[in-house]
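Data from structure-v8.cif: mmCIF, N, CA and C atoms
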data_input
loop_
_atom_site.label_atom_id
_atom_site.label_comp_id
_atom_site.auth_asym_id
_atom_site.auth_seq_id
_atom_site.Cartn_x
_atom_site.Cartn_y
_atom_site.Cartn_z
N MET A 1 -49.18 28.34 72.40
CA MET A 1 -48.35 28.31 71.22
C MET A 1 -48.57 26.96 70.54
N GLY A 2 -48.76 26.98 69.25
CA GLY A 2 -49.03 25.76 68.51
C GLY A 2 -47.77 24.94 68.31
N LEU A 3 -47.97 23.69 67.93
CA LEU A 3 -46.87 22.77 67.70
C LEU A 3 -45.94 23.28 66.60
N THR A 4 -46.49 23.82 65.54
CA THR A 4 -45.67 24.34 64.44
C THR A 4 -44.78 25.49 64.93
N ALA A 5 -45.35 26.36 65.74
CA ALA A 5 -44.57 27.48 66.28
C ALA A 5 -43.46 26.99 67.20
N LEU A 6 -43.74 25.97 68.01
CA LEU A 6 -42.72 25.41 68.90
C LEU A 6 -41.58 24.77 68.10
N ILE A 7 -41.92 24.07 67.05
CA ILE A 7 -40.91 23.44 66.20
C ILE A 7 -40.06 24.52 65.52
N ALA A 8 -40.71 25.56 65.04
CA ALA A 8 -39.99 26.66 64.39
C ALA A 8 -39.05 27.35 65.39
N LEU A 9 -39.54 27.57 66.61
CA LEU A 9 -38.72 28.20 67.64
C LEU A 9 -37.51 27.32 67.98
N LYS A 10 -37.74 26.04 68.13
CA LYS A 10 -36.65 25.11 68.45
C LYS A 10 -35.61 25.10 67.31
N THR A 11 -36.07 25.08 66.08
CA THR A 11 -35.17 25.09 64.93
C THR A 11 -34.36 26.38 64.90
N TYR A 12 -35.04 27.48 65.17
CA TYR A 12 -34.35 28.78 65.21
C TYR A 12 -33.27 28.79 66.30
N MET A 13 -33.61 28.31 67.49
CA MET A 13 -32.66 28.30 68.60
C MET A 13 -31.46 27.41 68.27
N GLN A 14 -31.69 26.29 67.63
CA GLN A 14 -30.59 25.41 67.25
C GLN A 14 -29.70 26.07 66.21
N SER A 15 -30.31 26.77 65.25
CA SER A 15 -29.50 27.44 64.23
C SER A 15 -28.67 28.56 64.84
N ARG A 16 -29.20 29.25 65.85
CA ARG A 16 -28.43 30.30 66.54
C ARG A 16 -27.22 29.70 67.24
N LYS A 17 -27.42 28.52 67.86
CA LYS A 17 -26.30 27.87 68.54
C LYS A 17 -25.22 27.48 67.53
N VAL A 18 -25.63 27.01 66.37
CA VAL A 18 -24.68 26.64 65.33
C VAL A 18 -23.93 27.88 64.84
N GLU A 19 -24.64 28.98 64.61
CA GLU A 19 -23.99 30.22 64.19
C GLU A 19 -23.00 30.71 65.24
N ASN A 20 -23.39 30.61 66.50
CA ASN A 20 -22.53 31.00 67.60
C ASN A 20 -21.26 30.17 67.59
N ALA A 21 -21.40 28.87 67.46
CA ALA A 21 -20.24 27.97 67.46
C ALA A 21 -19.33 28.25 66.26
N LYS A 22 -19.91 28.49 65.11
CA LYS A 22 -19.11 28.80 63.92
C LYS A 22 -18.32 30.09 64.11
N ALA A 23 -18.96 31.09 64.69
CA ALA A 23 -18.28 32.37 64.92
C ALA A 23 -17.13 32.20 65.91
N ILE A 24 -17.36 31.46 66.97
CA ILE A 24 -16.31 31.21 67.96
C ILE A 24 -15.13 30.49 67.31
N LEU A 25 -15.41 29.49 66.51
CA LEU A 25 -14.36 28.74 65.82
C LEU A 25 -13.59 29.63 64.84
N GLU A 26 -14.31 30.47 64.11
CA GLU A 26 -13.68 31.38 63.16
C GLU A 26 -12.69 32.32 63.86
N ILE A 27 -13.11 32.88 64.97
CA ILE A 27 -12.24 33.78 65.72
C ILE A 27 -11.07 33.01 66.32
N ARG A 28 -11.32 31.83 66.83
CA ARG A 28 -10.25 31.02 67.41
C ARG A 28 -9.16 30.77 66.36
N LYS A 29 -9.56 30.48 65.13
CA LYS A 29 -8.59 30.26 64.05
C LYS A 29 -7.80 31.53 63.76
N MET A 30 -8.46 32.67 63.85
CA MET A 30 -7.77 33.94 63.59
C MET A 30 -6.71 34.21 64.66
N PHE A 31 -7.01 33.84 65.90
CA PHE A 31 -6.05 34.04 66.99
C PHE A 31 -4.94 32.99 66.97
N ALA A 32 -5.08 31.93 66.21
CA ALA A 32 -4.15 30.81 66.24
C ALA A 32 -2.90 31.00 65.39
N THR A 33 -2.76 32.12 64.72
CA THR A 33 -1.56 32.33 63.91
C THR A 33 -0.35 32.51 64.82
N ASP A 34 0.82 32.19 64.32
CA ASP A 34 2.04 32.37 65.11
C ASP A 34 2.22 33.82 65.54
N ALA A 35 1.94 34.75 64.63
CA ALA A 35 2.09 36.17 64.97
C ALA A 35 1.15 36.56 66.11
N ASN A 36 -0.10 36.12 66.06
CA ASN A 36 -1.05 36.47 67.12
C ASN A 36 -0.69 35.79 68.43
N LYS A 37 -0.15 34.59 68.37
CA LYS A 37 0.31 33.91 69.59
C LYS A 37 1.45 34.70 70.24
N GLU A 38 2.34 35.21 69.41
CA GLU A 38 3.47 36.00 69.92
C GLU A 38 2.97 37.30 70.56
N ILE A 39 2.05 37.98 69.90
CA ILE A 39 1.48 39.21 70.46
C ILE A 39 0.77 38.91 71.77
N HIS A 40 -0.03 37.86 71.78
CA HIS A 40 -0.76 37.48 73.00
C HIS A 40 0.21 37.21 74.15
N GLN A 41 1.29 36.49 73.87
CA GLN A 41 2.25 36.17 74.93
C GLN A 41 2.90 37.44 75.47
N HIS A 42 3.25 38.35 74.59
CA HIS A 42 3.84 39.61 75.04
C HIS A 42 2.86 40.39 75.91
N ILE A 43 1.62 40.49 75.47
CA ILE A 43 0.61 41.22 76.25
C ILE A 43 0.43 40.55 77.60
N ASN A 44 0.34 39.24 77.62
CA ASN A 44 0.16 38.51 78.87
C ASN A 44 1.35 38.74 79.81
N ASP A 45 2.55 38.75 79.27
CA ASP A 45 3.75 38.93 80.10
C ASP A 45 3.89 40.35 80.64
N HIS A 46 3.24 41.32 80.01
CA HIS A 46 3.41 42.73 80.39
C HIS A 46 2.13 43.39 80.88
N LYS A 47 1.18 42.60 81.29
CA LYS A 47 -0.14 43.16 81.60
C LYS A 47 -0.19 44.02 82.85
N SER A 48 0.83 43.98 83.68
CA SER A 48 0.74 44.79 84.91
C SER A 48 1.81 45.87 85.00
N ASN A 49 2.52 46.12 83.91
CA ASN A 49 3.55 47.16 84.00
C ASN A 49 2.92 48.54 83.94
N GLY A 50 3.62 49.51 84.46
CA GLY A 50 3.10 50.87 84.47
C GLY A 50 3.93 51.79 83.61
N LEU A 51 3.43 52.97 83.37
CA LEU A 51 4.12 53.93 82.53
C LEU A 51 5.09 54.82 83.30
N GLY A 52 4.93 54.90 84.57
CA GLY A 52 5.78 55.81 85.33
C GLY A 52 5.21 57.21 85.32
N LYS A 53 5.84 58.09 86.06
CA LYS A 53 5.30 59.44 86.25
C LYS A 53 5.38 60.30 85.00
N ASP A 54 6.36 60.07 84.15
CA ASP A 54 6.50 60.93 82.98
C ASP A 54 5.65 60.49 81.79
N MET A 55 4.94 59.39 81.91
CA MET A 55 4.03 58.87 80.88
C MET A 55 4.76 58.58 79.57
N GLN A 56 6.04 58.30 79.63
CA GLN A 56 6.80 57.94 78.45
C GLN A 56 6.74 56.42 78.26
N PHE A 57 6.74 56.00 77.00
CA PHE A 57 6.74 54.58 76.72
C PHE A 57 8.15 54.03 76.96
N SER A 58 8.20 52.84 77.52
CA SER A 58 9.50 52.22 77.78
C SER A 58 10.18 51.86 76.46
N LYS A 59 11.47 51.72 76.51
CA LYS A 59 12.23 51.33 75.33
C LYS A 59 11.76 49.96 74.85
N GLU A 60 11.52 49.06 75.79
CA GLU A 60 11.05 47.72 75.43
C GLU A 60 9.72 47.77 74.70
N PHE A 61 8.79 48.58 75.21
CA PHE A 61 7.49 48.67 74.54
C PHE A 61 7.64 49.30 73.16
N THR A 62 8.41 50.36 73.06
CA THR A 62 8.60 51.03 71.77
C THR A 62 9.19 50.07 70.74
N GLU A 63 10.18 49.31 71.15
CA GLU A 63 10.78 48.33 70.23
C GLU A 63 9.76 47.26 69.83
N PHE A 64 9.01 46.78 70.82
CA PHE A 64 7.97 45.78 70.54
C PHE A 64 6.95 46.35 69.56
N TRP A 65 6.49 47.56 69.80
CA TRP A 65 5.48 48.19 68.95
C TRP A 65 6.02 48.38 67.53
N ASP A 66 7.22 48.93 67.42
CA ASP A 66 7.79 49.19 66.11
C ASP A 66 8.01 47.90 65.31
N LYS A 67 8.42 46.87 65.98
CA LYS A 67 8.70 45.59 65.31
C LYS A 67 7.42 44.86 64.91
N ASN A 68 6.35 45.01 65.68
CA ASN A 68 5.15 44.18 65.52
C ASN A 68 3.88 44.96 65.21
N LYS A 69 4.00 46.19 64.79
CA LYS A 69 2.84 47.06 64.65
C LYS A 69 1.70 46.41 63.84
N LEU A 70 2.00 45.87 62.68
CA LEU A 70 0.94 45.28 61.85
C LEU A 70 0.32 44.06 62.51
N ASN A 71 1.13 43.26 63.19
CA ASN A 71 0.58 42.10 63.89
C ASN A 71 -0.28 42.53 65.09
N ILE A 72 0.13 43.60 65.75
CA ILE A 72 -0.68 44.13 66.87
C ILE A 72 -2.02 44.63 66.33
N TYR A 73 -1.98 45.34 65.21
CA TYR A 73 -3.23 45.80 64.59
C TYR A 73 -4.14 44.61 64.27
N ASP A 74 -3.56 43.55 63.74
CA ASP A 74 -4.33 42.36 63.41
C ASP A 74 -4.94 41.75 64.66
N TYR A 75 -4.17 41.65 65.72
CA TYR A 75 -4.63 41.07 66.98
C TYR A 75 -5.78 41.90 67.57
N LEU A 76 -5.56 43.21 67.65
CA LEU A 76 -6.61 44.08 68.20
C LEU A 76 -7.82 44.13 67.27
N GLY A 77 -7.58 44.06 65.97
CA GLY A 77 -8.68 44.04 65.01
C GLY A 77 -9.55 42.80 65.15
N THR A 78 -8.94 41.69 65.53
CA THR A 78 -9.72 40.47 65.76
C THR A 78 -10.64 40.67 66.96
N LEU A 79 -10.16 41.36 67.98
CA LEU A 79 -11.03 41.68 69.12
C LEU A 79 -12.15 42.63 68.68
N GLU A 80 -11.83 43.55 67.78
CA GLU A 80 -12.89 44.43 67.27
C GLU A 80 -13.95 43.64 66.52
N LEU A 81 -13.52 42.64 65.77
CA LEU A 81 -14.48 41.77 65.08
C LEU A 81 -15.38 41.07 66.09
N LEU A 82 -14.82 40.67 67.21
CA LEU A 82 -15.63 40.06 68.26
C LEU A 82 -16.70 41.03 68.76
N ASN A 83 -16.35 42.30 68.88
CA ASN A 83 -17.35 43.29 69.29
C ASN A 83 -18.49 43.35 68.28
N ILE A 84 -18.14 43.32 67.01
CA ILE A 84 -19.18 43.34 65.97
C ILE A 84 -20.08 42.12 66.11
N TYR A 85 -19.48 40.96 66.37
CA TYR A 85 -20.27 39.73 66.56
C TYR A 85 -21.17 39.84 67.79
N VAL A 86 -20.63 40.40 68.87
CA VAL A 86 -21.45 40.56 70.09
C VAL A 86 -22.59 41.52 69.82
N GLN A 87 -22.29 42.65 69.18
CA GLN A 87 -23.33 43.65 68.89
C GLN A 87 -24.41 43.09 67.98
N ALA A 88 -24.03 42.21 67.05
CA ALA A 88 -25.00 41.62 66.12
C ALA A 88 -25.76 40.44 66.74
N GLY A 89 -25.36 40.05 67.94
CA GLY A 89 -26.03 38.93 68.59
C GLY A 89 -25.55 37.56 68.10
N ILE A 90 -24.47 37.53 67.35
CA ILE A 90 -23.93 36.26 66.87
C ILE A 90 -23.25 35.52 68.01
N ILE A 91 -22.56 36.25 68.85
CA ILE A 91 -21.95 35.72 70.07
C ILE A 91 -22.51 36.53 71.23
N ASP A 92 -22.92 35.85 72.29
CA ASP A 92 -23.40 36.63 73.44
C ASP A 92 -22.22 36.95 74.36
N MET A 93 -22.44 37.87 75.28
CA MET A 93 -21.37 38.36 76.13
C MET A 93 -20.82 37.26 77.03
N ASP A 94 -21.64 36.32 77.47
CA ASP A 94 -21.14 35.21 78.28
C ASP A 94 -20.16 34.35 77.49
N ASP A 95 -20.50 34.04 76.25
CA ASP A 95 -19.59 33.25 75.42
C ASP A 95 -18.31 34.03 75.13
N PHE A 96 -18.45 35.32 74.87
CA PHE A 96 -17.25 36.14 74.66
C PHE A 96 -16.36 36.07 75.90
N ALA A 97 -16.97 36.31 77.07
CA ALA A 97 -16.20 36.34 78.31
C ALA A 97 -15.52 35.01 78.57
N HIS A 98 -16.23 33.92 78.30
CA HIS A 98 -15.68 32.59 78.55
C HIS A 98 -14.55 32.25 77.58
N GLN A 99 -14.71 32.57 76.33
CA GLN A 99 -13.74 32.17 75.30
C GLN A 99 -12.60 33.17 75.11
N TYR A 100 -12.88 34.46 75.23
CA TYR A 100 -11.89 35.48 74.85
C TYR A 100 -11.68 36.58 75.88
N GLY A 101 -12.45 36.56 76.94
CA GLY A 101 -12.38 37.64 77.92
C GLY A 101 -11.00 37.86 78.51
N TYR A 102 -10.24 36.78 78.70
CA TYR A 102 -8.91 36.92 79.27
C TYR A 102 -8.00 37.77 78.37
N ARG A 103 -8.21 37.70 77.06
CA ARG A 103 -7.40 38.51 76.15
C ARG A 103 -7.69 40.00 76.38
N LEU A 104 -8.96 40.32 76.53
CA LEU A 104 -9.33 41.71 76.77
C LEU A 104 -8.85 42.17 78.14
N ARG A 105 -8.98 41.32 79.15
CA ARG A 105 -8.50 41.68 80.48
C ARG A 105 -7.00 41.96 80.46
N ASN A 106 -6.23 41.15 79.74
CA ASN A 106 -4.79 41.37 79.66
C ASN A 106 -4.46 42.69 78.98
N ILE A 107 -5.20 43.03 77.94
CA ILE A 107 -4.97 44.30 77.26
C ILE A 107 -5.27 45.47 78.20
N ILE A 108 -6.37 45.37 78.93
CA ILE A 108 -6.74 46.44 79.86
C ILE A 108 -5.67 46.61 80.94
N ARG A 109 -5.04 45.51 81.33
CA ARG A 109 -3.99 45.58 82.37
C ARG A 109 -2.64 46.04 81.83
N TYR A 110 -2.49 46.10 80.53
CA TYR A 110 -1.22 46.49 79.91
C TYR A 110 -1.28 47.99 79.63
N GLU A 111 -0.85 48.76 80.61
CA GLU A 111 -1.04 50.20 80.59
C GLU A 111 -0.40 50.87 79.38
N GLU A 112 0.79 50.45 79.00
CA GLU A 112 1.45 51.08 77.86
C GLU A 112 0.66 50.86 76.58
N LEU A 113 0.14 49.66 76.40
CA LEU A 113 -0.66 49.37 75.21
C LEU A 113 -1.94 50.20 75.19
N LEU A 114 -2.59 50.31 76.34
CA LEU A 114 -3.80 51.15 76.41
C LEU A 114 -3.49 52.60 76.08
N LYS A 115 -2.39 53.09 76.58
CA LYS A 115 -2.02 54.48 76.29
C LYS A 115 -1.72 54.67 74.80
N LYS A 116 -1.11 53.68 74.18
CA LYS A 116 -0.84 53.76 72.74
C LYS A 116 -2.15 53.78 71.97
N ILE A 117 -3.09 52.95 72.37
CA ILE A 117 -4.41 52.92 71.73
C ILE A 117 -5.09 54.27 71.91
N GLU A 118 -5.02 54.81 73.13
CA GLU A 118 -5.62 56.12 73.41
C GLU A 118 -5.00 57.20 72.54
N TYR A 119 -3.68 57.22 72.47
CA TYR A 119 -2.99 58.23 71.68
C TYR A 119 -3.41 58.12 70.21
N GLN A 120 -3.37 56.92 69.67
CA GLN A 120 -3.75 56.74 68.26
C GLN A 120 -5.20 57.13 68.03
N ASN A 121 -6.06 56.82 68.97
CA ASN A 121 -7.47 57.13 68.82
C ASN A 121 -7.72 58.64 68.84
N GLN A 122 -6.90 59.39 69.57
CA GLN A 122 -7.02 60.84 69.59
C GLN A 122 -6.55 61.45 68.28
N VAL A 123 -5.48 60.90 67.72
CA VAL A 123 -4.93 61.40 66.46
C VAL A 123 -5.85 61.06 65.29
N ASP A 124 -6.31 59.83 65.27
CA ASP A 124 -7.16 59.35 64.18
C ASP A 124 -8.09 58.27 64.73
N PRO A 125 -9.29 58.67 65.17
CA PRO A 125 -10.19 57.68 65.79
C PRO A 125 -10.37 56.45 64.91
N GLY A 126 -10.01 55.31 65.46
CA GLY A 126 -10.11 54.10 64.68
C GLY A 126 -10.27 52.86 65.52
N TRP A 127 -10.15 52.99 66.81
CA TRP A 127 -10.30 51.83 67.68
C TRP A 127 -11.67 51.82 68.35
N THR A 128 -12.67 52.31 67.66
CA THR A 128 -13.99 52.46 68.27
C THR A 128 -14.60 51.13 68.70
N ASP A 129 -14.44 50.09 67.89
CA ASP A 129 -15.02 48.80 68.27
C ASP A 129 -14.29 48.18 69.45
N LEU A 130 -12.98 48.38 69.55
CA LEU A 130 -12.23 47.86 70.69
C LEU A 130 -12.64 48.60 71.96
N ILE A 131 -12.74 49.91 71.87
CA ILE A 131 -13.16 50.70 73.03
C ILE A 131 -14.59 50.34 73.42
N GLU A 132 -15.46 50.18 72.44
CA GLU A 132 -16.84 49.78 72.73
C GLU A 132 -16.89 48.42 73.42
N LEU A 133 -16.03 47.49 72.99
CA LEU A 133 -15.97 46.17 73.63
C LEU A 133 -15.51 46.28 75.07
N MET A 134 -14.52 47.14 75.34
CA MET A 134 -14.06 47.34 76.71
C MET A 134 -15.19 47.93 77.57
N GLU A 135 -15.92 48.87 77.01
CA GLU A 135 -17.04 49.47 77.75
C GLU A 135 -18.14 48.45 78.00
N LEU A 136 -18.44 47.64 77.00
CA LEU A 136 -19.46 46.60 77.12
C LEU A 136 -19.05 45.57 78.17
N ALA A 137 -17.78 45.17 78.15
CA ALA A 137 -17.29 44.20 79.12
C ALA A 137 -17.38 44.77 80.53
N ASP A 138 -17.08 46.06 80.65
CA ASP A 138 -17.13 46.72 81.95
C ASP A 138 -18.54 46.71 82.53
N LYS A 139 -19.54 46.80 81.67
CA LYS A 139 -20.95 46.84 82.10
C LYS A 139 -21.60 45.46 82.15
N SER A 140 -20.91 44.44 81.64
CA SER A 140 -21.54 43.13 81.50
C SER A 140 -21.83 42.50 82.85
N LYS A 141 -22.79 41.63 82.83
CA LYS A 141 -23.23 40.93 84.05
C LYS A 141 -22.72 39.49 84.07
N THR A 142 -21.62 39.22 83.37
CA THR A 142 -21.07 37.87 83.35
C THR A 142 -20.35 37.59 84.66
N ASN A 143 -19.96 36.35 84.85
CA ASN A 143 -19.19 35.96 86.04
C ASN A 143 -17.73 36.37 85.93
N TYR A 144 -17.33 36.88 84.79
CA TYR A 144 -15.95 37.27 84.55
C TYR A 144 -15.81 38.76 84.80
N LYS A 145 -14.91 39.13 85.66
CA LYS A 145 -14.73 40.53 86.03
C LYS A 145 -13.59 41.14 85.21
N TYR A 146 -13.79 42.35 84.79
CA TYR A 146 -12.81 43.08 84.00
C TYR A 146 -12.27 44.25 84.83
N PRO A 147 -10.98 44.50 84.73
CA PRO A 147 -10.46 45.68 85.41
C PRO A 147 -10.99 46.93 84.74
N LYS A 148 -11.08 47.99 85.49
CA LYS A 148 -11.51 49.27 84.91
C LYS A 148 -10.40 49.78 84.00
N TYR A 149 -10.76 50.17 82.81
CA TYR A 149 -9.75 50.73 81.91
C TYR A 149 -9.88 52.23 81.94
N LYS A 150 -8.79 52.91 81.62
CA LYS A 150 -8.75 54.38 81.66
C LYS A 150 -8.31 54.90 80.31
N LEU A 151 -9.23 55.14 79.43
CA LEU A 151 -8.88 55.78 78.16
C LEU A 151 -9.40 57.19 78.17
#

Let's see the structure in the file written out as structure tokens.
Amino acid sequence: MGLTALIALKTYMQSRKVENAKAILEIRKMFATDANKEIHQHINDHKSNGLGKDMQFSKEFTEFWDKNKLNIYDYLGTLELLNIYVQAGIIDMDDFAHQYGYRLRNIIRYEELLKKIEYQNQVDPGWTDLIELMELADKSKTNYKYPKYKL
């Protein structure tokens, strides 16, 4: 490989790192809103609850959903944007796992939220990027392990 090609390759690799860093920062800012912090805290606090045998949503979850529906959509939509970035190669799966993987793991562990996503997706498919991200995370070879999700 000639010197010019090596310089071009190095420049390209550096520009990719810059794009990656910009994308990570952009997403971090999106998650930094007060509403998204509140949604994240709720998801984190409820990540291991179950639905029970009758598969009914708890009163607490229903109230949380009804009160925060648009903010929840925004929060989950930001994760969908991350899937688009991963699919486009702007962020690699290792960087996703390191920076944002815990958010996805908490969602997967929050059974009521997963069931709500599943129900909505059956009625009107719209969480395709979120589901694709969960599937991608499940297959990823990163050092970060994801629980198996059941949609």

Review point. Quick one, how far is CA of Glu132 in chain A from atom N of Tyr85 in chain A?
Key: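 Distance reported for this atom pair: 11.2 Å.
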
Check your understanding: the PyMOL selection byres (((chain A and resi 62-72 and name CA) around 9) and name CA) on the file shown: which residues, as a ChimeraX atom specification?
Key -> /A:35-36,39,42,57-61,73-77,113

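As for CA of His40 in chain A and CA of Leu104 in chain A, they are spaced 10.3 Å apart.
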
Check your understanding: On this structure, which residues satisfy the PyMOL selection byres (((chain A and resi 21 and name CA) around 12) and name CA), written as a list in words?
Key ->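 Answer for the PyMOL selection byres (((chain A and resi 21 and name CA) around 12) and name CA): Gln14, Ser15, Arg16, Lys17, Val18, Glu19, Asn20, Lys22, Ala23, Ile24, Leu25, Glu26, Ile27, Arg28, Tyr85, Ile90, Ile91, Asp92, Asp95, Phe96 and Gln99 of chain A.
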
Revision key, fill the gap. In Å and to one decimal, atom C of Ser140 in chain A is distant from atom N of Val123 in chain A by 28.9 Å

To test the calculation: enclose all listed atoms of range 87-106 of chain A in a box whose edges run along x, y and z, add 6 Å on each side, then state centre and edge lengths in Å to one decimal, as AutoDock Vina command-line options.
--center_x -15.2 --center_y 37.9 --center_z 73.3 --size_x 33.6 --size_y 23.5 --size_z 26.4
